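What follows is a single structure, written as structure tokens, with notes after it.
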Amino acid sequence: MKTRGSFRRATLQGDSVVSSHWSHCPDARAVHRGWLLKHRADGSGCRKLPAWYPLERTRESTNLAEENHSIIMSNWTPTSWQTKPATQQVQYRDPHKLDIVLKQLAKLPPLVTSWEVETLKSELAAAARGERFLLQGGDCSESFDDCCSTSIASKLKILLKMSIVMVHGGHRQVIRVGRFAGQYAKPRSSDRETRDGVTLPSFRGHLINRLEFTPEAREPNPDLLLRAYERSALTINFVRGLVDGGFADLHHPELWDLDFLHHSPLQKEYRRIVDLIADAVGFLEVVTGRSLDELQRIDFFASHEGLPLPYEQAQTRRVPRRTGWYNLSTHFPWIGDRTRSIGGAHVEYFRGIANPIGMKVGPTMTPDQLIDLIDVLNPQNEPGRLTSIHRFGTEQIATCLPPLIEAVVARDKTVVWCCDPMHGNTTIANCGLKTRRFDDVLGELNQAMDIHAASGSILGGVHFELTGENVTECIGGARGLTEDDLEKRYLTDVDPRLSYEQALEMALLIARRMRKSRPS
């Protein structure tokens with residue numbers, strides 16, 4: 001009989017991983033009708049897992065990670081998600097037309113490259129170690145109408161400005177990931193929407209249907225998949241052009257200003273940081289006796305929620321001289337809190353792609369569920385592979401987050417912890433508009449930093465819905481916006497975003513916290 005530290009050998013029978021040996025380990029698993037039954041560590045019973053759930057890594061196993069990976073991936077293909085229950089998907093009236101569009105998408109060039117994807121993964125691995133910090137931000141849902149140079153450049157500028165402030169405060173390199181070039185779909189709590197007695201399909205983002213409340217606009221249209229691809233390509237190519245052209249040149253940080261920053265009460269502190277950066281670059285060039293040309297370019301990466309799986313599948317492919325499959329529609333796709341069912345289609349799809357991936361973690365997530373999902377999505381415990389984006393709300397984070405961190409630390413799992421302080425803090429104003437309070441967003445973020453520090457964990461990033469425009473969608477901040485201000489410039493089609501000024505203020509406050517906590 002094997003000991004507690006041993007591991008089970010396994011064989012494939014059909015599509016199931018079947019145990020051929022039992023140990024006395026509390027995590028021992030049995031196969032029952034195509035499912036694995038995994039005993040809870042506290043002895044309170046079993047939980048039901050898919051048959052392809054990975055084996056555990058233990059001290060005596062030397063090649064177990066490779067063995068697990070081979071077993072797990074032997075029954076995965078870009079289409080295997082179609083055999084699983086799929087949520088947040090739509091039914092197209094003409095499946096034949098959809099098939100034609102998907103075949104067209106599969107032939108089009110990728111939007112990103114595998115080496116960019118791998119670069120991001122290595123940088124996220126550094127964030128997990130506390131050597132870098134992830135800044136992910138952008139629109140709740142992109143609009144085709146906003147695919148223009150002004151809108152794209154303003155989002156890039158605010159992310160750049162926020163990142164530089166954080167670098168200055170934390171003395172850590174910042175990974176800049178935009179919610180752009182593909183964030184055209186949104187999950188909905190209801191498939192249907194009713195107005196004045198008329199019921200139509202809900203608006204699910206410009207990748208699926210259109211916002212106007214008419215039967216024609218709300219009908220899911222396969223052609224929008226192609227248009228979303230085209231808009232994503234235009235966006236990411238313009239971003240690359242700006243970056244390659246010196247848009248983020250550290251020699252001239254004064255040129256990053258948005259015109260309306262001059263009206264911000266934070267202007268003085270921001271300009272002080274800009275002056276310090278300019279002085280530091282000049283000092284380094286004098287000391288080294290050469291121009292620091294590498295400071296003319298700063299990387300940006302694209303991300304979106306991987307929601308409509310046919311679209312994601314169409315851009316999933318192999319690349320020369322690399323193993324595995326890459327989703328080349330984006331660098332960093334993530335699974336939403338509503339689609340993370342361990343036996344569902346989204347987890348099935350995401351477990352097989354080589355990209356670094358994110359997973360939203362909300363109040364209903366239990367420690368057991370989180371560990372099971374980590375085991376499935378990152379069976380080799382690969383650094384940089386999985387980012388856990390927690391989103392609880394300022395009222396629930398103190399209760400929900402500590403047990404999850406404890407479970408991850410106890411099992412020596414490698415994840416990047418990222419705080420999304422936006423989605424758990426959405427409220428409805430008296431005027432009927434969705435909003436978020438700046439103090440609630442900041443409150444959840446401050447609690448996250450405190451909880452991770454107390455738990456011996458590392459908060460490796462933040463995730464914001466924001467814009468580089470002068471909007472009035474969130475309440476509070478240095479200007480003291482109130483509910484009465486919301487309708488002045490409320491431009492979002494879906495969820496409220498931090499304005500340029502609120503986003504920069506948030507970055508400054510994060511930088512202050514980072515400055516206080518960094519080693520002396």
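By order of appearance in the structure tokens: chains A, B, ..., then residues from 1 within every chain, and ligands from 1 in the order shown.
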Each residue of range 154-258 of chain A lying at most 9 Å from range 485-497 of chain A should get a row with its shortest atom-to-atom pair and the distance in Å to one decimal, counting only C-alpha atoms; could you produce that, ordered by chain and increasing number, as JSON lines?
```
{"residue": "A:Lys186", "atom": "CA", "partner": "A:Val494", "partner_atom": "CA", "distance": 8.5}
{"residue": "A:Gly205", "atom": "CA", "partner": "A:Val494", "partner_atom": "CA", "distance": 8.7}
{"residue": "A:Leu211", "atom": "CA", "partner": "A:Asp493", "partner_atom": "CA", "distance": 7.9}
```
Can you build me a table of range 73-169 of chain A residues sitting at most 7 Å from range 453-471 of chain A, with the closest atom pair per residue and its distance in Å to one decimal, using only C-alpha atoms, sorted by chain and residue number, as a Markdown table?
```
| residue | atom | partner | partner_atom | distance |
| --- | --- | --- | --- | --- |
| A:Ala127 | CA | A:Gly460 | CA | 5.2 |
| A:Ala128 | CA | A:Gly460 | CA | 5.9 |
| A:Gly130 | CA | A:Ile458 | CA | 6.3 |
| A:Phe133 | CA | A:Gly461 | CA | 5.1 |
| A:Leu134 | CA | A:Gly461 | CA | 4.1 |
| A:Leu135 | CA | A:Val462 | CA | 5.4 |
| A:Gln136 | CA | A:His463 | CA | 4.7 |
| A:Gly137 | CA | A:Phe464 | CA | 4.6 |
| A:Gly138 | CA | A:Leu466 | CA | 4.9 |
| A:Asp139 | CA | A:Glu465 | CA | 5.4 |
| A:Cys140 | CA | A:Glu465 | CA | 5.6 |
| A:Ser154 | CA | A:Gly468 | CA | 4.7 |
| A:Lys155 | CA | A:Gly468 | CA | 4.6 |
| A:Ile158 | CA | A:Gly468 | CA | 5.5 |
```
| field | Nearest candidate to Gln502 in chain A (options A:Ser517, A:Thr435, A:Thr199, A:Thr472; using only C-alpha atoms) | value | A:Thr472
Which parts of range 328-398 of chain A does DSSP call strand (DSSP E) when run on the backbone here, written out as an mmCIF file with all heavy atoms, in the first residue's frame?
```cif
data_model
loop_
_atom_site.group_PDB
_atom_site.id
_atom_site.type_symbol
_atom_site.label_atom_id
_atom_site.label_comp_id
_atom_site.auth_asym_id
_atom_site.auth_seq_id
_atom_site.Cartn_x
_atom_site.Cartn_y
_atom_site.Cartn_z
ATOM 1 N N PHE A 332 -4.333 37.998 -23.875
ATOM 2 C CA PHE A 332 -4.725 37.604 -22.522
ATOM 3 C C PHE A 332 -6.247 37.507 -22.426
ATOM 4 O O PHE A 332 -6.915 38.475 -22.066
ATOM 5 C CB PHE A 332 -4.180 38.656 -21.530
ATOM 6 C CG PHE A 332 -4.416 38.361 -20.080
ATOM 7 C CD1 PHE A 332 -3.951 37.203 -19.491
ATOM 8 C CD2 PHE A 332 -5.091 39.281 -19.275
ATOM 9 C CE1 PHE A 332 -4.152 36.957 -18.135
ATOM 10 C CE2 PHE A 332 -5.300 39.055 -17.920
ATOM 11 C CZ PHE A 332 -4.828 37.886 -17.350
ATOM 12 N N PRO A 333 -6.820 36.357 -22.759
ATOM 13 C CA PRO A 333 -8.267 36.190 -22.582
ATOM 14 C C PRO A 333 -8.588 35.812 -21.135
ATOM 15 O O PRO A 333 -7.754 35.226 -20.435
ATOM 16 C CB PRO A 333 -8.590 35.031 -23.533
ATOM 17 C CG PRO A 333 -7.331 34.210 -23.549
ATOM 18 C CD PRO A 333 -6.182 35.176 -23.358
ATOM 19 N N TRP A 334 -9.788 36.156 -20.686
ATOM 20 C CA TRP A 334 -10.162 35.735 -19.340
ATOM 21 C C TRP A 334 -11.553 35.112 -19.333
ATOM 22 O O TRP A 334 -12.376 35.352 -20.222
ATOM 23 C CB TRP A 334 -10.083 36.890 -18.348
ATOM 24 C CG TRP A 334 -11.172 37.925 -18.398
ATOM 25 C CD1 TRP A 334 -12.401 37.862 -17.808
ATOM 26 C CD2 TRP A 334 -11.128 39.202 -19.063
ATOM 27 N NE1 TRP A 334 -13.123 38.999 -18.058
ATOM 28 C CE2 TRP A 334 -12.361 39.844 -18.819
ATOM 29 C CE3 TRP A 334 -10.164 39.862 -19.828
ATOM 30 C CZ2 TRP A 334 -12.654 41.109 -19.330
ATOM 31 C CZ3 TRP A 334 -10.452 41.117 -20.328
ATOM 32 C CH2 TRP A 334 -11.677 41.731 -20.079
ATOM 33 N N ILE A 335 -11.800 34.287 -18.299
ATOM 34 C CA ILE A 335 -13.086 33.640 -18.074
ATOM 35 C C ILE A 335 -13.857 34.484 -17.064
ATOM 36 O O ILE A 335 -13.324 34.850 -16.011
ATOM 37 C CB ILE A 335 -12.914 32.224 -17.500
ATOM 38 C CG1 ILE A 335 -11.957 31.389 -18.349
ATOM 39 C CG2 ILE A 335 -14.262 31.519 -17.395
ATOM 40 C CD1 ILE A 335 -11.636 30.042 -17.725
ATOM 41 N N ILE A 357 -3.972 33.166 -19.031
ATOM 42 C CA ILE A 357 -5.409 33.392 -18.954
ATOM 43 C C ILE A 357 -5.769 33.987 -17.590
ATOM 44 O O ILE A 357 -5.068 33.793 -16.595
ATOM 45 C CB ILE A 357 -6.221 32.096 -19.184
ATOM 46 C CG1 ILE A 357 -5.866 31.046 -18.133
ATOM 47 C CG2 ILE A 357 -5.980 31.561 -20.594
ATOM 48 C CD1 ILE A 357 -6.710 29.787 -18.213
ATOM 49 N N GLY A 358 -6.874 34.714 -17.570
ATOM 50 C CA GLY A 358 -7.413 35.232 -16.331
ATOM 51 C C GLY A 358 -8.697 34.515 -15.980
ATOM 52 O O GLY A 358 -9.353 33.905 -16.839
ATOM 53 N N MET A 359 -9.051 34.567 -14.721
ATOM 54 C CA MET A 359 -10.306 33.982 -14.257
ATOM 55 C C MET A 359 -10.896 34.905 -13.205
ATOM 56 O O MET A 359 -10.262 35.195 -12.191
ATOM 57 C CB MET A 359 -10.072 32.589 -13.670
ATOM 58 C CG MET A 359 -11.327 31.953 -13.078
ATOM 59 S SD MET A 359 -11.038 30.275 -12.439
ATOM 60 C CE MET A 359 -9.833 30.593 -11.136
ATOM 61 N N LYS A 360 -12.110 35.395 -13.449
ATOM 62 C CA LYS A 360 -12.790 36.231 -12.472
ATOM 63 C C LYS A 360 -13.272 35.359 -11.299
ATOM 64 O O LYS A 360 -13.807 34.266 -11.501
ATOM 65 C CB LYS A 360 -13.967 36.961 -13.107
ATOM 66 C CG LYS A 360 -13.583 38.064 -14.102
ATOM 67 C CD LYS A 360 -12.916 39.228 -13.398
ATOM 68 C CE LYS A 360 -12.681 40.402 -14.326
ATOM 69 N NZ LYS A 360 -13.886 41.231 -14.519
ATOM 70 N N VAL A 361 -13.083 35.869 -10.098
ATOM 71 C CA VAL A 361 -13.421 35.144 -8.872
ATOM 72 C C VAL A 361 -14.346 36.027 -8.043
ATOM 73 O O VAL A 361 -13.926 37.070 -7.547
ATOM 74 C CB VAL A 361 -12.154 34.793 -8.080
ATOM 75 C CG1 VAL A 361 -12.512 34.166 -6.748
ATOM 76 C CG2 VAL A 361 -11.253 33.861 -8.889
ATOM 77 N N LEU A 386 -1.877 31.534 -15.000
ATOM 78 C CA LEU A 386 -3.220 31.818 -14.509
ATOM 79 C C LEU A 386 -3.215 33.041 -13.590
ATOM 80 O O LEU A 386 -2.426 33.122 -12.650
ATOM 81 C CB LEU A 386 -3.767 30.610 -13.745
ATOM 82 C CG LEU A 386 -5.191 30.731 -13.197
ATOM 83 C CD1 LEU A 386 -6.197 30.958 -14.317
ATOM 84 C CD2 LEU A 386 -5.565 29.488 -12.387
ATOM 85 N N THR A 387 -4.107 33.973 -13.881
ATOM 86 C CA THR A 387 -4.315 35.153 -13.052
ATOM 87 C C THR A 387 -5.701 35.077 -12.423
ATOM 88 O O THR A 387 -6.702 34.951 -13.134
ATOM 89 C CB THR A 387 -4.185 36.441 -13.873
ATOM 90 O OG1 THR A 387 -2.853 36.542 -14.399
ATOM 91 C CG2 THR A 387 -4.467 37.668 -13.028
ATOM 92 N N SER A 388 -5.753 35.127 -11.109
ATOM 93 C CA SER A 388 -7.023 35.096 -10.380
ATOM 94 C C SER A 388 -7.449 36.538 -10.111
ATOM 95 O O SER A 388 -6.824 37.246 -9.321
ATOM 96 C CB SER A 388 -6.851 34.326 -9.066
ATOM 97 O OG SER A 388 -8.034 34.368 -8.299
ATOM 98 N N ILE A 389 -8.506 36.970 -10.795
ATOM 99 C CA ILE A 389 -8.972 38.362 -10.715
ATOM 100 C C ILE A 389 -10.164 38.404 -9.766
ATOM 101 O O ILE A 389 -11.294 38.091 -10.136
ATOM 102 C CB ILE A 389 -9.359 38.890 -12.111
ATOM 103 C CG1 ILE A 389 -8.233 38.652 -13.122
ATOM 104 C CG2 ILE A 389 -9.719 40.367 -12.050
ATOM 105 C CD1 ILE A 389 -8.628 38.911 -14.567
ATOM 106 N N HIS A 390 -9.910 38.754 -8.500
ATOM 107 C CA HIS A 390 -11.002 38.700 -7.531
ATOM 108 C C HIS A 390 -11.804 39.995 -7.526
ATOM 109 O O HIS A 390 -11.272 41.092 -7.654
ATOM 110 C CB HIS A 390 -10.504 38.329 -6.132
ATOM 111 C CG HIS A 390 -9.363 39.132 -5.592
ATOM 112 N ND1 HIS A 390 -9.496 40.415 -5.138
ATOM 113 C CD2 HIS A 390 -8.062 38.804 -5.400
ATOM 114 C CE1 HIS A 390 -8.334 40.848 -4.675
ATOM 115 N NE2 HIS A 390 -7.435 39.901 -4.838
#
```
| Those in range 198-359 of chain A with alpha helix (DSSP H) from DSSP, as JSON, numbers by chain | {"A": [215, 216, 217, 218, 223, 224, 225, 226, 227, 228, 229, 230, 231, 232, 233, 234, 235, 236, 237, 238, 239, 240, 241, 242, 243, 244, 267, 268, 269, 270, 271, 272, 273, 274, 275, 276, 277, 278, 279, 280, 281, 282, 283, 284, 285, 286, 287, 288, 309, 310, 311, 312, 313, 314, 345, 346, 347, 348, 349, 350]}
Give me, as a tab-separated table, each residue of range 172-205 of chain A that comes within 9 Å of range 84-103 of chain A, together with its shortest interatomic pair and the distance in Å at one decimal, counting only C-alpha atoms, with rows ordered by chain and rising residue number.
```
residue	atom	partner	partner_atom	distance
A:Lys186	CA	A:Gln88	CA	8.8
A:Pro187	CA	A:Gln88	CA	6.0
A:Arg188	CA	A:Gln88	CA	7.2
A:Ser189	CA	A:Gln88	CA	8.9
A:Asp191	CA	A:Gln88	CA	8.4
```
Written file, previous selection with C-alpha atoms, as a PDB file, in the first residue's frame:
```pdb
ATOM      1  CA  LYS A 186     -20.642  41.229 -22.528  1.00  0.00           C
ATOM      2  CA  PRO A 187     -22.411  38.614 -20.361  1.00  0.00           C
ATOM      3  CA  ARG A 188     -25.980  39.410 -19.380  1.00  0.00           C
ATOM      4  CA  SER A 189     -28.050  38.410 -16.379  1.00  0.00           C
ATOM      5  CA  ASP A 191     -31.419  36.735 -22.228  1.00  0.00           C
TER       6      ASP A 191
END
```
| task | Compare A:Lys516, A:Gly170, A:Val165, A:Ala345 by their minimum atom-to-atom distance to Asp275 in chain A, counting only C-alpha atoms, and give me the closest one. | result |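 Selected residue with least distance to Asp275 in chain A: A:Val165.
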| said: To one decimal place in Å, what is the distance between CA of Leu276 in chain A and CA of Gln447 in chain A? | reply: 29.8 Å
| task | Just give me the gap between CA of Ala398 in chain A and CA of Thr426 in chain A in Å, one decimal is fine. | result |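 It comes out at 17.7 Å.
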| Can you tell me, as a ChimeraX atom specification, what residues are no more than 8 Å from Glu131 in chain A when counting only C-alpha atoms, ignoring any on the same chain fewer than 4 positions away? | /A:126-127,172-173
